[in-house]
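Asker: One structure, as structure tokens, below. Some questions next.
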Amino acid sequence: MLAAMFAAFLLQIVFRYGLNLPIGWTNEISVVLWIWMVLWGAAFVLKEEEEIRFDLIYASAGPRARRIMVVVSALCLIGLYTVSFPAVLDYVAFMRVESTAYLKIRFDWLFSIYLVFVVAVIVRYVWLCWRAMFGTAPKEFDPARAGSGL
């Protein structure tokens with residue numbers, strides 16, 4: 001997806017500035033691919049320890065406190081995503097009447113990745129909550145091993 005997005009971006013530059021023929025579909029495909037790439041990556045590729053978070057307090061807490069923080073945050077996120085899911089589903093279904101300007105991609109297809117993302121996040125946090133309550137304690141943050149996620 002990133003390669004296709006980059007190719008469309010380069011094509012847009014060549015047509016706009018090199019040939020003086022601006023084309024709109026390249027911008028549209030870049031936006032569509034960006035939405036799908038970010039939400040797909042956040043749902044299935046990103047590891048739990050690679051998520052961006054404010055961990056100043058979490059890093060200094062003991063194993064029991066970290067376990068409680070994981071359970072509380074997981075329950076909050078599960079609740080919020082579960083409560084919002086029917087409205088999101090309704091909105092995505094409603095958007096079938098609209099489509100993108102150039103490529104005529106229906107918006108319900110375009111935004112369907114968000115439904116996949118929400119389900120994946122709920123499943124991930126149910127697993128994290130279960131593991132924190134009944135399994136191993138969450139890992140202690142080691143700043144010496146922190147990486148960029150690449």
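Identifiers in the structure tokens: chain A, B, ... in order shown; residue index from 1 per chain; ligand index from 1 in order shown.
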Contacts of Leu10 (chain A) at 12 Å or less, counting only C-alpha atoms, minus same-chain residues fewer than 5 places along, as an MDAnalysis selection string?

Answerer: chainID A and resid 3:5 15:18 23 26:27 30

Asker: Return as a VMD selection string the full set of residues in region 8-90 of chain A whose backbone-based DSSP assignment is helix (DSSP H, G or I).

Answerer: chain A and resid 8 to 18 25 to 45 48 to 50 56 to 60 63 to 90

Asker: For Glu48 (chain A), which residue among A:Leu115, A:Leu128, A:Ile105, A:Met133 is the nearest when counting only C-alpha atoms?

Answerer: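 Looking only at the distances to Glu48 (chain A), the closest residue turns out to be A:Leu128.
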
Asker: When you look at Ala101 (chain A) with a cut-off of 10 Å (counting only C-alpha atoms), what residues show up, excluding the ones that are within fewer than 5 positions of it in the same chain? I need them as number ranges by chain.

Answerer: A: 24-25, 28, 106

Asker: Quick one: write out the picked residues with N, CA, C and O atoms as a short mmCIF file (atom, residue, chain, number, x, y, z; two decimals), in the first residue's frame?

Answerer:
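Now in result26.cif:
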data_model
loop_
_atom_site.label_atom_id
_atom_site.label_comp_id
_atom_site.auth_asym_id
_atom_site.auth_seq_id
_atom_site.Cartn_x
_atom_site.Cartn_y
_atom_site.Cartn_z
N GLY A 24 -6.72 14.44 -10.44
CA GLY A 24 -7.24 14.34 -9.07
C GLY A 24 -7.25 12.94 -8.50
O GLY A 24 -7.20 12.76 -7.29
N TRP A 25 -7.29 11.94 -9.36
CA TRP A 25 -7.42 10.58 -8.84
C TRP A 25 -6.20 10.15 -8.05
O TRP A 25 -6.29 9.30 -7.17
N GLU A 28 -6.71 11.22 -4.54
CA GLU A 28 -7.76 10.41 -3.94
C GLU A 28 -7.25 9.02 -3.56
O GLU A 28 -7.53 8.52 -2.47
N ARG A 106 -17.30 3.56 -3.35
CA ARG A 106 -18.36 3.83 -2.38
C ARG A 106 -17.75 4.04 -1.00
O ARG A 106 -16.83 3.32 -0.60
#

Asker: Got a sec: who's within 12 Å of Leu21 (chain A), counting only C-alpha atoms, leaving out chain neighbours fewer than 6 positions off, as a list in words?

Answerer: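 The contact residues come out as Leu11, Gln12, Ile13, Val14 and Phe15 of chain A.
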
Asker: For the residues selected in the previous step, produce a file with N, CA and C atoms as a PDB file, in the first residue's frame.

Answerer:
ATOM      1  N   LEU A  11       3.439  10.282  -9.463  1.00  0.00           N
ATOM      2  CA  LEU A  11       2.688  10.508 -10.691  1.00  0.00           C
ATOM      3  C   LEU A  11       1.976  11.858 -10.649  1.00  0.00           C
ATOM      4  N   GLN A  12       1.438  12.183  -9.495  1.00  0.00           N
ATOM      5  CA  GLN A  12       0.761  13.465  -9.321  1.00  0.00           C
ATOM      6  C   GLN A  12       1.741  14.631  -9.516  1.00  0.00           C
ATOM      7  N   ILE A  13       2.929  14.515  -8.994  1.00  0.00           N
ATOM      8  CA  ILE A  13       3.939  15.564  -9.149  1.00  0.00           C
ATOM      9  C   ILE A  13       4.337  15.724 -10.610  1.00  0.00           C
ATOM     10  N   VAL A  14       4.570  14.595 -11.293  1.00  0.00           N
ATOM     11  CA  VAL A  14       4.964  14.639 -12.700  1.00  0.00           C
ATOM     12  C   VAL A  14       3.874  15.294 -13.543  1.00  0.00           C
ATOM     13  N   PHE A  15       2.622  14.892 -13.347  1.00  0.00           N
ATOM     14  CA  PHE A  15       1.543  15.449 -14.148  1.00  0.00           C
ATOM     15  C   PHE A  15       1.274  16.913 -13.823  1.00  0.00           C
TER      16      PHE A  15
END

Asker: When you count only C-alpha atoms, which of these residues is closest to Trp127 (chain A): A:Val97, A:Val92, A:Leu75, A:Leu80?

Answerer: A:Leu75

Asker: Would you work out the distance separating CA of Ala74 (chain A) from CA of Tyr114 (chain A), expressed in Å to one decimal?

Answerer: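 Between CA of Ala74 (chain A) and CA of Tyr114 (chain A) the gap is 19.0 Å.
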
Asker: What is the distance, in Å and to one decimal place, between CA of Ala59 (chain A) and CA of Ser73 (chain A)?

Answerer: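 Separation of CA of Ala59 (chain A) and CA of Ser73 (chain A): 14.9 Å.
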
Asker: Which of these, A:Val71, A:Leu33, A:Ala93, A:Leu46, has the shortest distance to Gly135 (chain A) once you count only C-alpha atoms?

Answerer: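 For Gly135 (chain A), the nearest of the candidates is A:Val71.
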
Asker: Excluding Phe107 (chain A) and its own-chain neighbours fewer than 5 positions away, which residues fall within 10 Å of it when counting only C-alpha atoms? Please give them as a list in words.

Answerer: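 Listing them by chain and then by number gives Val92, Ala93, Phe94, Met95, Arg96, Val97, Glu98, Ser99, Thr100 and Ser112 of chain A.
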
Asker: If you measure from CA of Asp90 (chain A) to CA of Val119 (chain A), what distance in Å do you get, rounded to one decimal?

Answerer: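 About the pair CA of Asp90 (chain A) and CA of Val119 (chain A): they are 14.9 Å apart.
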
Asker: Kindly indicate which residue among A:Val31, A:Leu2, A:Met37, A:Ala132 lies nearest to Leu103 (chain A), using only C-alpha atoms for the distances.

Answerer: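 Of all the options, A:Val31 lies closest to Leu103 (chain A).
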